[in-house]
>>> print(open('my_file08.cif').read())   # mmCIF, C-alpha atoms
data_input
loop_
_atom_site.label_atom_id
_atom_site.label_comp_id
_atom_site.auth_asym_id
_atom_site.auth_seq_id
_atom_site.Cartn_x
_atom_site.Cartn_y
_atom_site.Cartn_z
CA MET A 45 0.00 0.00 0.00
CA PRO A 46 1.52 3.35 -1.00
CA GLU A 47 2.58 5.74 1.77
CA HIS A 48 0.54 8.92 2.00
CA ARG A 49 2.22 12.10 3.27
CA PHE A 50 0.26 15.13 4.28
CA TYR A 51 1.60 18.66 3.91
CA ASP A 52 0.21 21.99 4.99
CA GLU A 53 0.03 24.38 2.14
CA GLU A 54 2.11 27.54 2.39
CA PRO A 55 3.16 29.63 -0.61
CA GLY A 56 6.85 29.40 -1.45
CA VAL A 57 7.70 26.60 0.97
CA PHE A 58 7.08 22.94 0.10
CA PRO A 59 6.91 20.64 1.88
CA TYR A 60 5.97 22.71 4.94
CA SER A 61 6.76 21.48 8.40
CA PRO A 62 5.64 23.42 11.46
CA ASP A 63 8.30 25.04 13.64
CA ILE A 64 8.92 23.36 16.98
CA ASP A 65 10.14 25.48 19.87
CA PRO A 66 13.59 24.34 20.95
CA GLU A 67 14.25 23.15 24.46
CA PRO A 68 15.70 25.82 26.78
CA SER A 69 19.14 24.21 26.90
CA VAL A 70 19.42 23.63 23.13
CA GLU A 71 20.78 26.36 20.88
CA PRO A 72 18.22 26.82 18.05
CA GLU A 73 19.31 26.56 14.46
CA TYR A 74 18.25 29.44 12.26
CA PRO A 75 17.94 28.67 8.54
CA GLN A 76 19.28 31.01 5.95
CA HIS A 77 16.65 33.31 4.54
CA PRO A 78 16.38 33.84 0.82
CA GLY A 79 18.46 36.76 -0.38
CA GLU A 80 20.71 36.81 2.66
CA ASP A 81 24.29 35.56 2.55
CA ASN A 82 24.64 35.11 6.29
CA PRO A 83 22.00 34.00 8.75
CA LYS A 84 20.79 36.37 11.38
CA ASN A 85 22.67 36.40 14.62
CA PRO A 86 21.07 33.77 16.85
CA ARG A 87 19.63 34.93 20.12
CA ARG A 88 20.38 33.22 23.40
CA VAL A 89 17.58 31.09 24.73
CA GLN A 90 18.82 31.11 28.30
CA GLY A 91 18.94 34.27 30.41
CA LYS A 92 21.79 36.63 29.68
CA PRO A 93 24.15 37.65 32.48
CA LYS A 94 23.30 40.86 34.24
CA GLY A 95 25.67 43.73 33.60
CA GLY A 96 26.59 46.60 35.86
CA VAL A 97 23.63 48.77 34.86
CA ASP A 98 21.13 45.94 35.42
CA SER A 99 22.60 45.23 38.87
CA ILE A 100 22.23 48.87 39.85
CA LYS A 101 18.61 48.97 38.63
CA GLU A 102 17.51 45.71 40.26
CA PHE A 103 19.60 45.54 43.43
CA GLY A 104 20.76 49.12 43.95
CA ALA A 105 24.38 48.00 44.13
CA THR A 106 27.42 48.26 41.92
CA PRO A 107 29.13 44.90 41.28
CA LEU A 108 32.62 44.81 42.76
CA PRO A 109 35.54 43.36 40.80
CA GLU A 110 36.45 39.87 41.89
CA VAL A 111 39.77 40.01 43.70
CA LYS A 112 41.45 36.89 45.01
CA SER A 113 42.92 37.31 48.48
CA ASN A 114 44.54 35.11 51.09
CA ILE A 115 42.69 37.02 53.84
CA HIS A 116 39.10 36.17 54.77
CA CYS A 117 36.90 38.88 56.31
CA ILE A 118 34.06 38.18 58.75
CA THR A 119 31.75 40.88 60.12
CA ILE A 120 30.02 40.76 63.51
CA VAL A 121 27.20 43.28 63.21
CA GLY A 122 23.93 44.16 64.90
CA GLN A 123 22.80 41.83 67.65
CA ILE A 124 24.40 38.43 68.22
CA GLU A 125 21.53 35.97 68.01
CA GLY A 126 21.24 33.09 70.47
CA HIS A 127 18.99 30.04 70.45
CA LEU A 128 15.86 32.12 69.83
CA VAL A 129 15.23 33.87 66.51
CA LEU A 130 15.06 37.64 66.87
CA PRO A 131 12.41 39.78 65.12
CA PRO A 132 13.01 40.32 61.39
CA GLN A 133 13.59 44.06 61.77
CA ASN A 134 16.68 43.40 63.92
CA LYS A 135 20.07 43.21 62.24
CA THR A 136 21.61 40.04 63.60
CA THR A 137 24.72 37.87 63.48
CA LYS A 138 23.84 34.19 63.68
CA TYR A 139 26.33 31.78 65.23
CA GLU A 140 25.17 29.01 62.89
CA HIS A 141 26.48 31.16 60.02
CA ILE A 142 29.77 32.21 61.65
CA ILE A 143 30.94 28.87 63.07
CA PRO A 144 30.91 26.97 59.72
CA GLN A 145 32.89 29.85 58.17
CA LEU A 146 35.53 29.53 60.89
CA VAL A 147 35.80 25.79 60.28
CA ALA A 148 36.18 26.42 56.54
CA ILE A 149 38.89 29.03 57.20
CA GLU A 150 40.84 26.53 59.29
CA GLN A 151 40.61 23.89 56.55
CA ALA A 152 41.12 26.06 53.43
CA SER A 153 44.76 26.14 52.37
CA GLU A 154 44.29 29.26 50.22
CA ILE A 155 43.15 31.31 53.26
CA GLU A 156 46.10 32.39 55.39
CA GLY A 157 44.57 34.91 57.77
CA LEU A 158 41.30 36.18 59.27
CA LEU A 159 40.21 39.82 59.54
CA LEU A 160 37.33 40.28 62.00
CA ILE A 161 35.31 43.51 61.84
CA LEU A 162 32.94 44.34 64.70
CA ASN A 163 30.06 46.80 64.93
CA THR A 164 27.75 45.09 67.39
CA VAL A 165 25.57 45.97 70.37
CA GLY A 166 26.18 42.56 71.95
CA GLY A 167 23.64 39.81 72.40
CA ASP A 168 23.47 36.24 73.65
CA VAL A 169 26.29 35.36 76.06
CA GLU A 170 26.76 31.71 75.13
CA ALA A 171 26.58 32.39 71.38
CA GLY A 172 29.15 35.17 71.72
CA LEU A 173 31.48 33.03 73.81
CA ALA A 174 31.14 30.16 71.33
CA ILE A 175 32.24 32.45 68.48
CA ALA A 176 35.08 33.86 70.60
CA GLU A 177 36.34 30.39 71.55
CA MET A 178 36.30 29.32 67.89
CA ILE A 179 38.30 32.38 66.84
CA THR A 180 40.95 31.99 69.51
CA SER A 181 41.41 28.30 68.64
CA LEU A 182 42.27 29.01 64.98
CA SER A 183 45.83 28.13 63.99
CA LYS A 184 46.02 30.95 61.43
CA PRO A 185 46.80 34.62 62.22
CA THR A 186 43.77 36.68 63.25
CA VAL A 187 43.24 40.43 63.65
CA SER A 188 40.11 42.24 64.85
CA ILE A 189 39.01 45.84 64.46
CA VAL A 190 36.17 47.55 66.33
CA LEU A 191 34.35 50.08 64.16
CA GLY A 192 31.41 51.95 65.61
CA GLY A 193 30.94 49.75 68.65
CA GLY A 194 31.91 46.45 70.21
CA HIS A 195 29.61 46.37 73.21
CA SER A 196 28.69 43.78 75.82
CA ILE A 197 29.49 40.25 74.59
CA GLY A 198 31.26 41.85 71.63
CA VAL A 199 34.18 42.56 74.01
CA PRO A 200 35.26 38.88 74.31
CA ILE A 201 34.97 38.49 70.53
CA ALA A 202 37.15 41.57 69.95
CA VAL A 203 39.93 40.31 72.23
CA ALA A 204 39.79 36.72 70.92
CA THR A 205 42.11 37.48 68.00
CA ASP A 206 45.91 37.55 68.02
CA TYR A 207 45.92 41.36 67.69
CA SER A 208 43.12 43.91 68.09
CA TYR A 209 42.43 47.43 66.84
CA ILE A 210 39.78 49.99 67.67
CA ALA A 211 38.82 53.08 65.68
CA ASP A 212 39.48 56.42 67.35
CA THR A 213 35.74 57.14 67.74
CA ALA A 214 34.55 53.56 68.37
CA SER A 215 33.25 52.57 71.80
CA MET A 216 32.99 49.47 73.97
CA THR A 217 30.47 49.06 76.80
CA ILE A 218 31.36 46.79 79.74
CA HIS A 219 28.42 45.90 81.97
CA PRO A 220 27.11 42.99 84.08
CA ILE A 221 25.14 40.12 82.57
CA ARG A 222 21.37 40.46 82.61
CA LEU A 223 18.52 37.97 82.03
CA ASN A 224 15.44 38.29 79.85
CA GLY A 225 12.13 36.53 80.37
CA LEU A 226 11.03 34.49 83.36
CA VAL A 227 13.38 34.63 86.36
CA ILE A 228 12.97 32.31 89.34
CA GLY A 229 13.66 34.19 92.57
CA VAL A 230 15.89 31.62 94.22
CA PRO A 231 19.58 31.81 95.23
CA GLN A 232 20.53 29.33 92.49
CA THR A 233 19.51 31.87 89.82
CA TYR A 234 22.01 34.41 91.10
CA GLU A 235 24.69 31.77 91.50
CA TYR A 236 24.17 30.80 87.86
CA LEU A 237 24.45 34.46 86.82
CA ASP A 238 27.67 34.79 88.79
CA LYS A 239 29.13 31.72 87.07
CA MET A 240 28.17 33.08 83.65
CA GLN A 241 29.83 36.37 84.54
CA ASP A 242 32.98 34.56 85.63
CA ARG A 243 33.16 32.89 82.20
CA VAL A 244 33.15 36.27 80.46
CA VAL A 245 35.63 37.85 82.88
CA ASN A 246 38.05 34.92 82.69
CA PHE A 247 37.99 34.86 78.89
CA VAL A 248 38.63 38.60 78.56
CA THR A 249 41.42 38.70 81.14
CA ASN A 250 43.11 35.65 79.61
CA HIS A 251 43.21 37.24 76.14
CA ALA A 252 43.78 40.92 76.98
CA ARG A 253 46.21 42.96 79.07
CA ILE A 254 43.68 43.81 81.77
CA GLY A 255 43.43 42.20 85.19
CA SER A 256 40.35 40.57 86.65
CA ALA A 257 39.95 43.11 89.47
CA GLU A 258 40.18 46.11 87.11
CA PHE A 259 37.78 44.55 84.61
CA ARG A 260 35.22 43.86 87.35
CA GLU A 261 35.61 47.44 88.61
CA LEU A 262 34.73 48.71 85.12
CA MET A 263 31.83 46.26 84.94
CA PHE A 264 30.23 47.31 88.26
CA ARG A 265 31.01 51.03 88.11
CA THR A 266 28.07 53.29 88.94
CA GLY A 267 27.38 56.88 87.96
CA GLU A 268 28.66 56.67 84.38
CA LEU A 269 25.64 55.15 82.62
CA ALA A 270 22.26 56.80 83.14
CA ARG A 271 20.13 53.64 83.33
CA ASP A 272 22.71 50.90 83.78
CA ILE A 273 25.80 49.80 85.66
CA GLY A 274 29.08 49.69 83.78
CA THR A 275 31.59 51.69 81.77
CA VAL A 276 31.91 53.00 78.23
CA LEU A 277 35.44 53.06 76.79
CA ILE A 278 36.04 55.13 73.66
CA GLY A 279 38.99 54.62 71.33
CA LYS A 280 42.28 55.14 73.14
CA ASP A 281 40.60 54.56 76.55
CA ALA A 282 40.19 50.89 75.65
CA VAL A 283 43.89 50.74 74.70
CA GLU A 284 45.01 52.48 77.91
CA LYS A 285 42.99 50.01 79.99
CA GLY A 286 44.70 47.11 78.22
CA LEU A 287 41.53 45.82 76.60
CA ILE A 288 42.57 46.53 72.99
CA ASP A 289 46.10 46.50 71.58
CA GLU A 290 46.11 49.62 69.38
CA VAL A 291 44.06 52.46 67.91
CA GLY A 292 43.83 52.11 64.13
CA GLY A 293 41.73 51.49 61.07
CA VAL A 294 41.33 48.97 58.29
CA SER A 295 44.66 49.84 56.65
CA GLN A 296 46.63 49.20 59.83
CA ALA A 297 44.71 46.00 60.53
CA VAL A 298 45.34 44.56 57.05
CA THR A 299 49.02 45.56 57.16
CA ARG A 300 49.44 43.94 60.56
CA LEU A 301 47.71 40.75 59.43
CA LYS A 302 49.90 40.49 56.33
CA SER A 303 53.05 40.90 58.43
CA MET A 304 51.83 38.17 60.80
CA ILE A 305 51.22 35.86 57.83
CA ASP A 306 54.70 36.56 56.44
CA GLU A 307 56.24 36.00 59.87
CA LYS A 308 54.51 32.64 60.18
CA LYS A 309 55.69 31.65 56.71
CA GLY A 310 59.24 32.72 57.58
CA LYS A 311 59.27 30.43 60.58
CA GLY A 312 58.29 27.54 58.34
CA VAL A 313 55.02 26.93 60.17
CA PRO A 314 52.45 25.49 57.76
CA LEU A 315 49.23 27.53 57.41
CA GLN A 316 47.15 24.35 57.33
#
>>> encode(input="my_file08.cif", output="structure tokens")
Amino acid sequence: MPEHRFYDEEPGVFPYSPDIDPEPSVEPEYPQHPGEDNPKNPRRVQGKPKGGVDSIKEFGATPLPEVKSNIHCITIVGQIEGHLVLPPQNKTTKYEHIIPQLVAIEQASEIEGLLLILNTVGGDVEAGLAIAEMITSLSKPTVSIVLGGGHSIGVPIAVATDYSYIADTASMTIHPIRLNGLVIGVPQTYEYLDKMQDRVVNFVTNHARIGSAEFRELMFRTGELARDIGTVLIGKDAVEKGLIDEVGGVSQAVTRLKSMIDEKKGKGVPLQ
């Protein structure tokens, strides 16, 4: 039996076969059109990469050039979040984001140093101490710089690095630990608070040039804060008290970190 083929009639093209849309990942083939030597430039099926103008329009930001560096930068900003999620309008630093980064820094051979930038109001005590303990246990050189403020539990994080800087106008607030929520009025509650406070005091005095008695005196000082107990140290005051090593900015911090990396390389100590 003879084979019957059916064609749609279209003037000038025979036989006519309907166009089928190509799959998204397949580059379509464009036939040459009559009277044209070269086919039209094919258009990309997949989305085109966003340029600088598109990034500014959509995200309000200018794309930065990609620069490879052996220094990793971590920022501690806003409020350090604990085991409870803070309201969405709060700027927070989450320990579940910071701790994996610190582990990756320790394992990555291309990263040779850590620059820690702080502008925080403090936050959860145990989360802050966990971050501070992770930083001080790194085998690679670390430098911190306090910009704006490094208050409350931000103090142990600032002194956890090998060397610390503070901007001339930055401040650090030292005050006693306080509790939020339900408090049971029994002696054990205050004993627990005292133990928590000892953890903070011991960490700071072990990693800074300030003694325990002087740090506690700053913590329990009255008459300086209007509605709280404690002390505010600004710029060089933190250096004079032995809490921070030096007054400086980003340039000094990066220069110091690079010299520490070179010194470690010169001693033949592997950077993991």
>>> closest_residue(input="my_file08.cif", among="A:Ile254, A:Met178, A:Leu301, A:Ile120", to="A:Leu191", atoms="only C-alpha atoms")
A:Ile120
>>> resolve_selection(input="my_file08.cif", expression="the PyMOL selection byres ((chain A and resi 145-161) around 8)", output="PyMOL selection string")
chain A and resi 113-120+141-144+162-163+178-179+182-191+297-298+301-302+305+315-316
>>> residues_around(input="my_file08.cif", residues="stretch 241-249 of chain A", least_positions_apart="6", cutoff="9 Å", atoms="only C-alpha atoms", output="ChimeraX atom specification")
/A:169,173,176-177,197,199-201,203-204,220-221,255-256,259-260,287
>>> atom_distance(input="my_file08.cif", atom1="atom CA of A:Glu290", atom2="atom CA of A:Ile218")
18.2 Å
>>> closest_residue(input="my_file08.cif", among="A:Asp212, A:Glu125, A:Asp238, A:Asp168", to="A:Asp281", atoms="all atoms listed in the file")
A:Asp212
>>> residues_around(input="my_file08.cif", residues="A:Thr213", least_positions_apart="2", cutoff="9 Å", atoms="all atoms listed in the file", output="ChimeraX atom specification")
/A:191-193,210-211,215,278-280
>>> atom_distance(input="my_file08.cif", atom1="atom CA of A:Asp206", atom2="atom CA of A:Ile175")
14.6 Å
>>> residues_near_point(input="my_file08.cif", point="(20.2, 40.4, 61.3)", cutoff="12 Å", atoms="all atoms listed in the file", output="list in words")
Thr119, Ile120, Val121, Gly122, Gln123, Ile124, Glu125, Gly126, Val129, Leu130, Pro131, Pro132, Gln133, Asn134, Lys135, Thr136, Thr137, Lys138, Tyr139, His141, Thr164, Val165 and Gly167 of chain A
>>> atom_distance(input="my_file08.cif", atom1="atom CA of A:Lys239", atom2="atom CA of A:Met216")
22.4 Å
>>> closest_residue(input="my_file08.cif", among="A:Tyr209, A:Glu170, A:Ser303, A:Thr217", to="A:Leu269", atoms="only C-alpha atoms")
A:Thr217
>>> closest_residue(input="my_file08.cif", among="A:Gly293, A:His219, A:Thr205, A:Ala282", to="A:Arg265", atoms="only C-alpha atoms")
A:His219
